[in-house]
>>> print(open('model.pdb').read())   # PDB, N, CA and C atoms
ATOM      1  N   MET T 686      -0.291  12.933 -48.303
ATOM      2  CA  MET T 686      -0.682  13.910 -49.309
ATOM      3  C   MET T 686      -2.192  13.840 -49.582
ATOM      4  N   ALA T 687      -2.771  12.643 -49.459
ATOM      5  CA  ALA T 687      -4.205  12.482 -49.728
ATOM      6  C   ALA T 687      -5.041  13.355 -48.803
ATOM      7  N   TRP T 688      -4.628  13.467 -47.544
ATOM      8  CA  TRP T 688      -5.393  14.289 -46.604
ATOM      9  C   TRP T 688      -5.306  15.768 -46.973
ATOM     10  N   LEU T 689      -4.170  16.195 -47.487
ATOM     11  CA  LEU T 689      -4.041  17.584 -47.939
ATOM     12  C   LEU T 689      -4.988  17.835 -49.106
ATOM     13  N   TRP T 690      -5.028  16.914 -50.087
ATOM     14  CA  TRP T 690      -5.952  17.062 -51.214
ATOM     15  C   TRP T 690      -7.393  17.125 -50.720
ATOM     16  N   LEU T 691      -7.696  16.281 -49.745
ATOM     17  CA  LEU T 691      -9.063  16.223 -49.231
ATOM     18  C   LEU T 691      -9.458  17.519 -48.532
ATOM     19  N   VAL T 692      -8.568  18.062 -47.719
ATOM     20  CA  VAL T 692      -8.870  19.330 -47.028
ATOM     21  C   VAL T 692      -9.037  20.454 -48.048
ATOM     22  N   LEU T 693      -8.159  20.511 -49.031
ATOM     23  CA  LEU T 693      -8.296  21.544 -50.071
ATOM     24  C   LEU T 693      -9.594  21.366 -50.857
ATOM     25  N   ALA T 694      -9.974  20.122 -51.127
ATOM     26  CA  ALA T 694     -11.246  19.863 -51.804
ATOM     27  C   ALA T 694     -12.408  20.362 -50.958
ATOM     28  N   GLY T 695     -12.330  20.153 -49.637
ATOM     29  CA  GLY T 695     -13.374  20.636 -48.732
ATOM     30  C   GLY T 695     -13.459  22.156 -48.708
ATOM     31  N   VAL T 696     -12.305  22.812 -48.716
ATOM     32  CA  VAL T 696     -12.293  24.283 -48.743
ATOM     33  C   VAL T 696     -12.918  24.785 -50.047
ATOM     34  N   LEU T 697     -12.594  24.126 -51.148
ATOM     35  CA  LEU T 697     -13.195  24.527 -52.422
ATOM     36  C   LEU T 697     -14.690  24.225 -52.462
ATOM     37  N   GLU T 698     -15.121  23.232 -51.696
ATOM     38  CA  GLU T 698     -16.564  22.996 -51.604
ATOM     39  C   GLU T 698     -17.246  24.193 -50.939
ATOM     40  N   ILE T 699     -16.604  24.768 -49.947
ATOM     41  CA  ILE T 699     -17.140  25.984 -49.317
ATOM     42  C   ILE T 699     -17.234  27.092 -50.359
ATOM     43  N   VAL T 700     -16.181  27.245 -51.142
ATOM     44  CA  VAL T 700     -16.147  28.295 -52.169
ATOM     45  C   VAL T 700     -17.318  28.148 -53.132
ATOM     46  N   TRP T 701     -17.526  26.936 -53.650
ATOM     47  CA  TRP T 701     -18.605  26.815 -54.639
ATOM     48  C   TRP T 701     -19.983  26.854 -54.007
ATOM     49  N   ALA T 702     -20.107  26.369 -52.781
ATOM     50  CA  ALA T 702     -21.417  26.434 -52.121
ATOM     51  C   ALA T 702     -21.813  27.885 -51.856
ATOM     52  N   VAL T 703     -20.862  28.679 -51.376
ATOM     53  CA  VAL T 703     -21.137  30.105 -51.160
ATOM     54  C   VAL T 703     -21.361  30.790 -52.509
ATOM     55  N   GLY T 704     -20.576  30.399 -53.494
ATOM     56  CA  GLY T 704     -20.721  30.981 -54.824
ATOM     57  C   GLY T 704     -22.111  30.808 -55.410
ATOM     58  N   LEU T 705     -22.748  29.679 -55.093
ATOM     59  CA  LEU T 705     -24.106  29.456 -55.600
ATOM     60  C   LEU T 705     -25.056  30.581 -55.221
ATOM     61  N   LYS T 706     -24.854  31.125 -54.013
ATOM     62  CA  LYS T 706     -25.724  32.214 -53.559
ATOM     63  C   LYS T 706     -25.604  33.430 -54.480
ATOM     64  N   TYR T 707     -24.389  33.668 -54.949
ATOM     65  CA  TYR T 707     -24.129  34.866 -55.735
ATOM     66  C   TYR T 707     -24.382  34.687 -57.232
ATOM     67  N   THR T 708     -24.634  33.467 -57.682
ATOM     68  CA  THR T 708     -24.922  33.252 -59.107
ATOM     69  C   THR T 708     -26.331  33.687 -59.480
ATOM     70  N   GLU T 709     -27.203  33.789 -58.472
ATOM     71  CA  GLU T 709     -28.615  34.118 -58.688
ATOM     72  C   GLU T 709     -29.224  33.207 -59.756
ATOM     73  N   GLY T 710     -29.112  31.896 -59.466
ATOM     74  CA  GLY T 710     -29.665  30.901 -60.389
ATOM     75  C   GLY T 710     -28.867  30.784 -61.677
ATOM     76  N   PHE T 711     -27.575  31.002 -61.575
ATOM     77  CA  PHE T 711     -26.675  30.974 -62.731
ATOM     78  C   PHE T 711     -27.059  31.997 -63.792
ATOM     79  N   THR T 712     -27.569  33.138 -63.344
ATOM     80  CA  THR T 712     -27.901  34.225 -64.272
ATOM     81  C   THR T 712     -26.823  35.310 -64.290
ATOM     82  N   ARG T 713     -25.877  35.246 -63.356
ATOM     83  CA  ARG T 713     -24.773  36.219 -63.326
ATOM     84  C   ARG T 713     -23.506  35.511 -63.800
ATOM     85  N   LEU T 714     -22.864  36.040 -64.814
ATOM     86  CA  LEU T 714     -21.767  35.358 -65.495
ATOM     87  C   LEU T 714     -20.587  35.043 -64.581
ATOM     88  N   TRP T 715     -19.940  36.046 -64.016
ATOM     89  CA  TRP T 715     -18.689  35.795 -63.300
ATOM     90  C   TRP T 715     -18.874  35.005 -62.010
ATOM     91  N   PRO T 716     -19.879  35.269 -61.223
ATOM     92  CA  PRO T 716     -20.088  34.380 -60.074
ATOM     93  C   PRO T 716     -20.355  32.935 -60.518
ATOM     94  N   SER T 717     -21.051  32.771 -61.629
ATOM     95  CA  SER T 717     -21.324  31.425 -62.146
ATOM     96  C   SER T 717     -20.036  30.741 -62.602
ATOM     97  N   VAL T 718     -19.191  31.482 -63.294
ATOM     98  CA  VAL T 718     -17.921  30.925 -63.768
ATOM     99  C   VAL T 718     -17.080  30.469 -62.580
ATOM    100  N   TRP T 719     -16.923  31.328 -61.585
ATOM    101  CA  TRP T 719     -16.084  30.976 -60.427
ATOM    102  C   TRP T 719     -16.692  29.826 -59.625
ATOM    103  N   THR T 720     -17.992  29.761 -59.580
ATOM    104  CA  THR T 720     -18.652  28.654 -58.885
ATOM    105  C   THR T 720     -18.372  27.332 -59.588
ATOM    106  N   VAL T 721     -18.507  27.318 -60.898
ATOM    107  CA  VAL T 721     -18.252  26.083 -61.657
ATOM    108  C   VAL T 721     -16.772  25.694 -61.577
ATOM    109  N   VAL T 722     -15.879  26.659 -61.647
ATOM    110  CA  VAL T 722     -14.444  26.373 -61.506
ATOM    111  C   VAL T 722     -14.172  25.771 -60.128
ATOM    112  N   GLY T 723     -14.782  26.341 -59.089
ATOM    113  CA  GLY T 723     -14.620  25.792 -57.737
ATOM    114  C   GLY T 723     -15.145  24.375 -57.637
ATOM    115  N   MET T 724     -16.289  24.112 -58.270
ATOM    116  CA  MET T 724     -16.858  22.752 -58.269
ATOM    117  C   MET T 724     -15.899  21.760 -58.920
ATOM    118  N   LEU T 725     -15.432  22.105 -60.104
ATOM    119  CA  LEU T 725     -14.548  21.195 -60.835
ATOM    120  C   LEU T 725     -13.255  20.940 -60.075
ATOM    121  N   ALA T 726     -12.679  21.988 -59.512
ATOM    122  CA  ALA T 726     -11.439  21.826 -58.748
ATOM    123  C   ALA T 726     -11.679  20.991 -57.491
ATOM    124  N   SER T 727     -12.798  21.214 -56.827
ATOM    125  CA  SER T 727     -13.128  20.449 -55.630
ATOM    126  C   SER T 727     -13.275  18.970 -55.957
ATOM    127  N   PHE T 728     -14.000  18.655 -57.020
ATOM    128  CA  PHE T 728     -14.179  17.260 -57.430
ATOM    129  C   PHE T 728     -12.851  16.631 -57.848
ATOM    130  N   ALA T 729     -12.017  17.392 -58.545
ATOM    131  CA  ALA T 729     -10.723  16.855 -58.984
ATOM    132  C   ALA T 729      -9.848  16.508 -57.781
ATOM    133  N   LEU T 730      -9.805  17.397 -56.795
ATOM    134  CA  LEU T 730      -8.994  17.127 -55.602
ATOM    135  C   LEU T 730      -9.576  15.977 -54.786
ATOM    136  N   LEU T 731     -10.892  15.901 -54.694
ATOM    137  CA  LEU T 731     -11.517  14.766 -54.013
ATOM    138  C   LEU T 731     -11.134  13.470 -54.717
ATOM    139  N   SER T 732     -11.130  13.486 -56.029
ATOM    140  CA  SER T 732     -10.765  12.313 -56.803
ATOM    141  C   SER T 732      -9.325  11.881 -56.514
ATOM    142  N   LEU T 733      -8.424  12.850 -56.400
ATOM    143  CA  LEU T 733      -7.036  12.521 -56.061
ATOM    144  C   LEU T 733      -6.946  11.895 -54.672
ATOM    145  N   ALA T 734      -7.687  12.449 -53.728
ATOM    146  CA  ALA T 734      -7.670  11.919 -52.363
ATOM    147  C   ALA T 734      -8.199  10.491 -52.323
ATOM    148  N   LEU T 735      -9.165  10.191 -53.177
ATOM    149  CA  LEU T 735      -9.784   8.866 -53.173
ATOM    150  C   LEU T 735      -8.856   7.768 -53.680
ATOM    151  N   LYS T 736      -7.730   8.138 -54.254
ATOM    152  CA  LYS T 736      -6.757   7.125 -54.651
ATOM    153  C   LYS T 736      -6.186   6.407 -53.429
ATOM    154  N   SER T 737      -6.165   7.094 -52.283
ATOM    155  CA  SER T 737      -5.549   6.524 -51.085
ATOM    156  C   SER T 737      -6.488   6.383 -49.897
ATOM    157  N   LEU T 738      -7.590   7.095 -49.902
ATOM    158  CA  LEU T 738      -8.490   7.097 -48.742
ATOM    159  C   LEU T 738      -9.753   6.305 -49.031
ATOM    160  N   PRO T 739     -10.341   5.702 -48.009
ATOM    161  CA  PRO T 739     -11.623   5.018 -48.199
ATOM    162  C   PRO T 739     -12.712   6.013 -48.603
ATOM    163  N   ILE T 740     -13.597   5.593 -49.487
ATOM    164  CA  ILE T 740     -14.639   6.488 -50.006
ATOM    165  C   ILE T 740     -15.528   7.030 -48.899
ATOM    166  N   GLY T 741     -15.928   6.186 -47.965
ATOM    167  CA  GLY T 741     -16.818   6.634 -46.888
ATOM    168  C   GLY T 741     -16.189   7.719 -46.038
ATOM    169  N   THR T 742     -14.929   7.528 -45.697
ATOM    170  CA  THR T 742     -14.205   8.515 -44.894
ATOM    171  C   THR T 742     -14.020   9.809 -45.670
ATOM    172  N   ALA T 743     -13.526   9.686 -46.895
ATOM    173  CA  ALA T 743     -13.243  10.880 -47.691
ATOM    174  C   ALA T 743     -14.500  11.694 -47.951
ATOM    175  N   TYR T 744     -15.580  11.022 -48.310
ATOM    176  CA  TYR T 744     -16.814  11.744 -48.609
ATOM    177  C   TYR T 744     -17.364  12.425 -47.359
ATOM    178  N   ALA T 745     -17.324  11.732 -46.226
ATOM    179  CA  ALA T 745     -17.821  12.322 -44.983
ATOM    180  C   ALA T 745     -16.993  13.539 -44.582
ATOM    181  N   VAL T 746     -15.686  13.447 -44.719
ATOM    182  CA  VAL T 746     -14.825  14.583 -44.376
ATOM    183  C   VAL T 746     -15.067  15.731 -45.345
ATOM    184  N   TRP T 747     -15.144  15.438 -46.624
ATOM    185  CA  TRP T 747     -15.354  16.470 -47.648
ATOM    186  C   TRP T 747     -16.662  17.219 -47.408
ATOM    187  N   THR T 748     -17.733  16.477 -47.197
ATOM    188  CA  THR T 748     -19.017  17.140 -46.963
ATOM    189  C   THR T 748     -19.054  17.828 -45.608
ATOM    190  N   GLY T 749     -18.367  17.262 -44.617
ATOM    191  CA  GLY T 749     -18.322  17.899 -43.295
ATOM    192  C   GLY T 749     -17.632  19.251 -43.345
ATOM    193  N   ILE T 750     -16.479  19.288 -44.015
ATOM    194  CA  ILE T 750     -15.773  20.562 -44.169
ATOM    195  C   ILE T 750     -16.647  21.554 -44.920
ATOM    196  N   GLY T 751     -17.259  21.089 -45.997
ATOM    197  CA  GLY T 751     -18.106  21.977 -46.799
ATOM    198  C   GLY T 751     -19.305  22.491 -46.028
ATOM    199  N   ALA T 752     -19.987  21.598 -45.320
ATOM    200  CA  ALA T 752     -21.192  22.008 -44.586
ATOM    201  C   ALA T 752     -20.862  22.955 -43.442
ATOM    202  N   ALA T 753     -19.890  22.580 -42.634
ATOM    203  CA  ALA T 753     -19.531  23.427 -41.491
ATOM    204  C   ALA T 753     -18.934  24.754 -41.960
ATOM    205  N   GLY T 754     -18.094  24.694 -42.970
ATOM    206  CA  GLY T 754     -17.476  25.916 -43.479
ATOM    207  C   GLY T 754     -18.484  26.868 -44.105
ATOM    208  N   THR T 755     -19.427  26.318 -44.843
ATOM    209  CA  THR T 755     -20.448  27.151 -45.464
ATOM    210  C   THR T 755     -21.351  27.776 -44.404
ATOM    211  N   ALA T 756     -21.726  26.998 -43.410
ATOM    212  CA  ALA T 756     -22.542  27.544 -42.311
ATOM    213  C   ALA T 756     -21.766  28.615 -41.543
ATOM    214  N   GLY T 757     -20.485  28.360 -41.312
ATOM    215  CA  GLY T 757     -19.650  29.360 -40.638
ATOM    216  C   GLY T 757     -19.546  30.650 -41.435
ATOM    217  N   PHE T 758     -19.367  30.526 -42.744
ATOM    218  CA  PHE T 758     -19.329  31.707 -43.608
ATOM    219  C   PHE T 758     -20.628  32.493 -43.485
ATOM    220  N   GLY T 759     -21.739  31.779 -43.513
ATOM    221  CA  GLY T 759     -23.038  32.442 -43.396
ATOM    222  C   GLY T 759     -23.177  33.197 -42.080
ATOM    223  N   MET T 760     -22.683  32.602 -41.013
ATOM    224  CA  MET T 760     -22.760  33.275 -39.711
ATOM    225  C   MET T 760     -21.844  34.494 -39.652
ATOM    226  N   LEU T 761     -20.633  34.359 -40.190
ATOM    227  CA  LEU T 761     -19.656  35.446 -40.099
ATOM    228  C   LEU T 761     -19.943  36.603 -41.049
ATOM    229  N   PHE T 762     -20.407  36.282 -42.253
ATOM    230  CA  PHE T 762     -20.492  37.328 -43.278
ATOM    231  C   PHE T 762     -21.897  37.632 -43.798
ATOM    232  N   LEU T 763     -22.856  36.757 -43.504
ATOM    233  CA  LEU T 763     -24.191  36.962 -44.044
ATOM    234  C   LEU T 763     -25.251  37.170 -42.973
ATOM    235  N   GLY T 764     -24.829  37.319 -41.745
ATOM    236  CA  GLY T 764     -25.759  37.618 -40.666
ATOM    237  C   GLY T 764     -26.661  36.464 -40.265
ATOM    238  N   GLU T 765     -26.266  35.239 -40.558
ATOM    239  CA  GLU T 765     -27.078  34.096 -40.167
ATOM    240  C   GLU T 765     -26.974  33.853 -38.662
ATOM    241  N   SER T 766     -27.927  33.127 -38.137
ATOM    242  CA  SER T 766     -28.042  32.870 -36.711
ATOM    243  C   SER T 766     -26.768  32.268 -36.120
ATOM    244  N   ARG T 767     -26.415  32.738 -34.912
ATOM    245  CA  ARG T 767     -25.268  32.214 -34.173
ATOM    246  C   ARG T 767     -25.719  31.624 -32.844
ATOM    247  N   GLU T 768     -26.862  31.005 -32.845
ATOM    248  CA  GLU T 768     -27.390  30.426 -31.615
ATOM    249  C   GLU T 768     -26.427  29.368 -31.083
ATOM    250  N   PRO T 769     -26.316  29.258 -29.748
ATOM    251  CA  PRO T 769     -25.400  28.272 -29.157
ATOM    252  C   PRO T 769     -25.643  26.842 -29.658
ATOM    253  N   ALA T 770     -26.884  26.447 -29.819
ATOM    254  CA  ALA T 770     -27.165  25.094 -30.297
ATOM    255  C   ALA T 770     -26.614  24.888 -31.708
ATOM    256  N   ARG T 771     -26.723  25.895 -32.533
ATOM    257  CA  ARG T 771     -26.197  25.803 -33.899
ATOM    258  C   ARG T 771     -24.673  25.693 -33.881
ATOM    259  N   LEU T 772     -24.045  26.505 -33.054
ATOM    260  CA  LEU T 772     -22.589  26.443 -32.920
ATOM    261  C   LEU T 772     -22.152  25.087 -32.391
ATOM    262  N   GLY T 773     -22.913  24.541 -31.454
ATOM    263  CA  GLY T 773     -22.599  23.224 -30.906
ATOM    264  C   GLY T 773     -22.688  22.138 -31.968
ATOM    265  N   CYS T 774     -23.685  22.223 -32.796
ATOM    266  CA  CYS T 774     -23.833  21.230 -33.872
ATOM    267  C   CYS T 774     -22.675  21.327 -34.865
ATOM    268  N   LEU T 775     -22.266  22.535 -35.175
ATOM    269  CA  LEU T 775     -21.113  22.702 -36.074
ATOM    270  C   LEU T 775     -19.847  22.152 -35.431
ATOM    271  N   ALA T 776     -19.711  22.338 -34.126
ATOM    272  CA  ALA T 776     -18.556  21.780 -33.414
ATOM    273  C   ALA T 776     -18.570  20.257 -33.493
ATOM    274  N   LEU T 777     -19.736  19.663 -33.402
ATOM    275  CA  LEU T 777     -19.834  18.206 -33.515
ATOM    276  C   LEU T 777     -19.395  17.721 -34.899
ATOM    277  N   ILE T 778     -19.729  18.473 -35.931
ATOM    278  CA  ILE T 778     -19.257  18.123 -37.269
ATOM    279  C   ILE T 778     -17.729  18.153 -37.293
ATOM    280  N   GLY T 779     -17.161  19.200 -36.697
ATOM    281  CA  GLY T 779     -15.700  19.311 -36.631
ATOM    282  C   GLY T 779     -15.064  18.142 -35.894
ATOM    283  N   VAL T 780     -15.658  17.755 -34.785
ATOM    284  CA  VAL T 780     -15.148  16.610 -34.021
ATOM    285  C   VAL T 780     -15.225  15.341 -34.871
ATOM    286  N   GLY T 781     -16.307  15.174 -35.599
ATOM    287  CA  GLY T 781     -16.453  14.005 -36.457
ATOM    288  C   GLY T 781     -15.411  13.963 -37.563
ATOM    289  N   VAL T 782     -15.142  15.097 -38.176
ATOM    290  CA  VAL T 782     -14.145  15.166 -39.248
ATOM    291  C   VAL T 782     -12.763  14.813 -38.705
ATOM    292  N   VAL T 783     -12.392  15.405 -37.586
ATOM    293  CA  VAL T 783     -11.087  15.114 -36.982
ATOM    294  C   VAL T 783     -11.025  13.653 -36.536
ATOM    295  N   GLY T 784     -12.107  13.160 -35.962
ATOM    296  CA  GLY T 784     -12.146  11.761 -35.532
ATOM    297  C   GLY T 784     -11.929  10.803 -36.686
ATOM    298  N   LEU T 785     -12.547  11.086 -37.826
ATOM    299  CA  LEU T 785     -12.354  10.225 -38.992
ATOM    300  C   LEU T 785     -10.902  10.203 -39.449
ATOM    301  N   LYS T 786     -10.227  11.324 -39.319
ATOM    302  CA  LYS T 786      -8.805  11.374 -39.682
ATOM    303  C   LYS T 786      -8.009  10.408 -38.817
ATOM    304  N   PHE T 787      -8.298  10.379 -37.530
ATOM    305  CA  PHE T 787      -7.515   9.562 -36.617
ATOM    306  C   PHE T 787      -7.835   8.073 -36.679
ATOM    307  N   VAL T 788      -9.019   7.714 -37.107
ATOM    308  CA  VAL T 788      -9.370   6.292 -37.155
ATOM    309  C   VAL T 788      -9.232   5.696 -38.557
ATOM    310  N   SER T 789      -8.901   6.521 -39.538
ATOM    311  CA  SER T 789      -8.796   6.037 -40.922
ATOM    312  C   SER T 789      -7.363   5.653 -41.254
ATOM    313  N   LYS T 790      -7.268   4.628 -42.036
ATOM    314  CA  LYS T 790      -5.967   4.207 -42.548
ATOM    315  C   LYS T 790      -5.942   4.457 -44.055
ATOM    316  N   THR T 791      -4.841   5.026 -44.531
ATOM    317  CA  THR T 791      -4.718   5.223 -45.972
ATOM    318  C   THR T 791      -4.268   3.912 -46.605
ATOM    319  N   VAL T 792      -4.633   3.742 -47.855
ATOM    320  CA  VAL T 792      -4.318   2.500 -48.571
ATOM    321  C   VAL T 792      -2.868   2.513 -48.999
TER     322      VAL T 792
END
>>> encode(input="model.pdb", output="structure tokens")
Amino acid sequence: MAWLWLVLAGVLEIVWAVGLKYTEGFTRLWPSVWTVVGMLASFALLSLALKSLPIGTAYAVWTGIGAAGTAGFGMLFLGESREPARLGCLALIGVGVVGLKFVSKTV
């Protein structure tokens, strides 16, 4: 169950990271509200995952999902660069996240 919480926390990290773009410096009410809600939910789920997972593994997976997912969102929906080298680097993040799952033991 800890891995499910961690993946959901990572997905919510994507939500709040993308949301930051739309808050315009926290000057827009509803994007700001949803961004803060996403942050709190992401941290809460990460906290649940940390009951069973090592901190180093959980944090690396959480940030990996967030970073790769946010970059992917930018490429798909915001017209950001899709250069092969960039895609390759994102793939390496994915390999690292999956690798950590296979080498980690839950407590």
>>> closest_residue(input="model.pdb", among="T:Leu725, T:Met760, T:Val703, T:Leu691", to="Val782 of chain T", atoms="only C-alpha atoms")
T:Leu691
>>> closest_residue(input="model.pdb", among="T:Ala756, T:Ala694, T:Ala776, T:Ala687", to="Phe728 of chain T", atoms="only C-alpha atoms")
T:Ala694
>>> atom_distance(input="model.pdb", atom1="atom CA of Ile699 of chain T", atom2="atom CA of Ala752 of chain T")
7.4 Å
>>> resolve_selection(input="model.pdb", expression="the PyMOL selection byres (((chain T and resi 735 and name CA) around 10) and name CA)", output="list of chain:residue names")
T:Ala687, T:Trp688, T:Trp690, T:Leu691, T:Ala729, T:Leu730, T:Leu731, T:Ser732, T:Leu733, T:Ala734, T:Lys736, T:Ser737, T:Leu738, T:Pro739, T:Ile740, T:Gly741, T:Thr742, T:Ala743, T:Tyr744, T:Thr791, T:Val792
>>> select_by_dssp(input="model.pdb", residues="chain T", states="alpha helix (DSSP H)", output="VMD selection string")
chain T and resid 687 to 708 714 to 734 740 to 762 769 to 788
>>> atom_distance(input="model.pdb", atom1="atom CA of Ala745 of chain T", atom2="atom CA of Lys706 of chain T")
23.1 Å
>>> residues_near_point(input="model.pdb", point="(-17.4, 24.0, -46.1)", cutoff="6 Å", atoms="all atoms listed in the file", output="ChimeraX atom specification")
/T:695-696,698-699,749-756
>>> atom_distance(input="model.pdb", atom1="atom N of Val700 of chain T", atom2="atom C of Glu765 of chain T")
17.8 Å
